[in-house]
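Remarks on the structure that follows.
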Amino acid sequence: MADLLPAPETRLPATASSRFLVLCGVLSVVPGAIHVFLPDGGAGVIAGLDLARDGGRTIGLFAWAGATQIVWGLTMLAIALRYRALVPLALTLLLLERTLHALNFWVLKPGTHHPPESYAVLVALPIIALFLALALRHRG
């Protein structure tokens with residue numbers, strides 16, 4: 001594993017933004033694991049979706065999304081803990097991802113059912129923007 005990663009950066013101390021990115025990493029890995037490892041991926045028991053018709057496909061999509069959440073979460077953790085010069089980039093990408101989620105949940109493809117994440121993303125957007133601004137200010 002050591003051959004895959006460059007040497008960690010020791011010159012950059014932890015900041016509020018890097019600590020926030022740790023939280024975001026954990027908050028990505030945990031639901032990702034739920035989507036991958038729960039029998040219904042959380043589609044029924046958490047999101048409240050009716051899985052009676054074509055549930056296998058929905059569960060498969062949840063598992064696919066969970067796999068990407070786990071990988072993205074681990075990437076955020078690696079950046080926050082070892083490669084802090086990349087914190088502003090990771091927060092920018094996180095802000096873009098969450099903005100796209102919000103647009104799809106509420107504007108581009110709104111549905112009649114809104115899982116918990118559709119509300120959480122609205123709360124998260126300004127908080128991510130705040131920590132991105134702090135990271136950029138700290139850098140400058």
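Naming works like this for the structure tokens: A, B, ... for the chains as they're shown, residue 1 at the start of each chain, ligands 1 onward in shown order.
The environment of Ile128 of chain A within 8 Å, counting only C-alpha atoms and disregarding residues fewer than 6 places along the same chain, consists of A:Leu91, A:Leu94, A:Leu95.
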Problem set entry | DSSP alpha helix (DSSP H) residues within chain A, listed as a PyMOL selection string | chain A and resi 16-37+55-82+87-103+116-139
Excluding Ala120 of chain A and residues on its chain fewer than 4 positions from it, collect all residues at most 10 Å away from it, counting only C-alpha atoms, and give them as a CSV table (one decimal) with C-alpha atoms, in the first residue's frame.
```csv
chain,number,residue,atom,x,y,z
A,98,ARG,CA,-23.8,18.2,-3.5
A,102,ALA,CA,-29.7,19.2,-4.8
A,115,PRO,CA,-35.5,10.6,1.0
A,116,PRO,CA,-33.7,12.1,4.0
A,124,ALA,CA,-24.9,20.8,3.8
A,125,LEU,CA,-24.4,23.2,0.8
```
Seminar exercise, completed: Of A:Leu77, A:Tyr83, A:Thr68, A:Ala52, the one nearest to Glu9 of chain A when counting only C-alpha atoms is A:Tyr83
For this session: Might you pull out every residue within 10 Å of segment 42-45 of chain A, with only C-alpha atoms counted and same-chain residues fewer than 2 positions away left off, and present them as a PyMOL selection string?
Result: chain A and resi 31-40+47-52+55+58-63+115
Please produce a file of those selected residues containing N, CA and C atoms, as an mmCIF file, in the first residue's frame.
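Result written to result01.cif:
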```
data_model
loop_
_atom_site.group_PDB
_atom_site.id
_atom_site.type_symbol
_atom_site.label_atom_id
_atom_site.label_comp_id
_atom_site.auth_asym_id
_atom_site.auth_seq_id
_atom_site.Cartn_x
_atom_site.Cartn_y
_atom_site.Cartn_z
ATOM 1 N N PRO A 31 -22.978 5.898 5.121
ATOM 2 C CA PRO A 31 -24.140 5.557 4.287
ATOM 3 C C PRO A 31 -23.754 4.672 3.105
ATOM 4 N N GLY A 32 -22.532 4.828 2.606
ATOM 5 C CA GLY A 32 -22.079 3.944 1.535
ATOM 6 C C GLY A 32 -22.090 2.493 1.986
ATOM 7 N N ALA A 33 -21.614 2.263 3.214
ATOM 8 C CA ALA A 33 -21.622 0.899 3.758
ATOM 9 C C ALA A 33 -23.047 0.401 3.954
ATOM 10 N N ILE A 34 -23.942 1.275 4.363
ATOM 11 C CA ILE A 34 -25.349 0.892 4.496
ATOM 12 C C ILE A 34 -25.896 0.464 3.143
ATOM 13 N N HIS A 35 -25.614 1.247 2.110
ATOM 14 C CA HIS A 35 -26.128 0.925 0.772
ATOM 15 C C HIS A 35 -25.547 -0.375 0.242
ATOM 16 N N VAL A 36 -24.301 -0.649 0.580
ATOM 17 C CA VAL A 36 -23.655 -1.862 0.082
ATOM 18 C C VAL A 36 -24.045 -3.090 0.908
ATOM 19 N N PHE A 37 -24.123 -2.947 2.235
ATOM 20 C CA PHE A 37 -24.214 -4.127 3.084
ATOM 21 C C PHE A 37 -25.601 -4.442 3.655
ATOM 22 N N LEU A 38 -26.520 -3.470 3.726
ATOM 23 C CA LEU A 38 -27.881 -3.811 4.159
ATOM 24 C C LEU A 38 -28.551 -4.639 3.059
ATOM 25 N N PRO A 39 -29.370 -5.601 3.430
ATOM 26 C CA PRO A 39 -30.003 -6.434 2.402
ATOM 27 C C PRO A 39 -30.770 -5.634 1.348
ATOM 28 N N ASP A 40 -31.446 -4.549 1.754
ATOM 29 C CA ASP A 40 -32.171 -3.746 0.768
ATOM 30 C C ASP A 40 -31.422 -2.465 0.435
ATOM 31 N N ALA A 47 -35.035 4.850 3.024
ATOM 32 C CA ALA A 47 -35.611 5.776 2.041
ATOM 33 C C ALA A 47 -37.116 5.590 1.886
ATOM 34 N N GLY A 48 -37.632 4.470 2.334
ATOM 35 C CA GLY A 48 -39.074 4.249 2.268
ATOM 36 C C GLY A 48 -39.602 3.943 0.883
ATOM 37 N N LEU A 49 -38.753 3.435 0.008
ATOM 38 C CA LEU A 49 -39.195 3.109 -1.340
ATOM 39 C C LEU A 49 -39.935 1.775 -1.355
ATOM 40 N N ASP A 50 -40.912 1.675 -2.221
ATOM 41 C CA ASP A 50 -41.652 0.431 -2.409
ATOM 42 C C ASP A 50 -40.827 -0.463 -3.324
ATOM 43 N N LEU A 51 -40.383 -1.586 -2.803
ATOM 44 C CA LEU A 51 -39.516 -2.485 -3.562
ATOM 45 C C LEU A 51 -40.273 -3.678 -4.141
ATOM 46 N N ALA A 52 -41.594 -3.634 -4.076
ATOM 47 C CA ALA A 52 -42.398 -4.756 -4.551
ATOM 48 C C ALA A 52 -42.233 -4.971 -6.059
ATOM 49 N N GLY A 55 -37.671 -4.374 -7.378
ATOM 50 C CA GLY A 55 -36.840 -4.023 -6.237
ATOM 51 C C GLY A 55 -35.377 -4.404 -6.417
ATOM 52 N N THR A 58 -33.491 -1.594 -8.051
ATOM 53 C CA THR A 58 -33.317 -0.474 -7.124
ATOM 54 C C THR A 58 -32.224 -0.790 -6.104
ATOM 55 N N ILE A 59 -32.264 -1.992 -5.547
ATOM 56 C CA ILE A 59 -31.247 -2.396 -4.576
ATOM 57 C C ILE A 59 -29.866 -2.402 -5.229
ATOM 58 N N GLY A 60 -29.787 -2.862 -6.463
ATOM 59 C CA GLY A 60 -28.517 -2.853 -7.187
ATOM 60 C C GLY A 60 -27.992 -1.442 -7.406
ATOM 61 N N LEU A 61 -28.877 -0.513 -7.733
ATOM 62 C CA LEU A 61 -28.466 0.886 -7.904
ATOM 63 C C LEU A 61 -27.992 1.493 -6.585
ATOM 64 N N PHE A 62 -28.660 1.141 -5.497
ATOM 65 C CA PHE A 62 -28.218 1.622 -4.191
ATOM 66 C C PHE A 62 -26.824 1.078 -3.867
ATOM 67 N N ALA A 63 -26.583 -0.201 -4.169
ATOM 68 C CA ALA A 63 -25.276 -0.795 -3.908
ATOM 69 C C ALA A 63 -24.193 -0.121 -4.756
ATOM 70 N N PRO A 115 -36.206 11.293 -0.064
ATOM 71 C CA PRO A 115 -35.526 10.593 1.020
ATOM 72 C C PRO A 115 -34.803 11.597 1.931
#
```
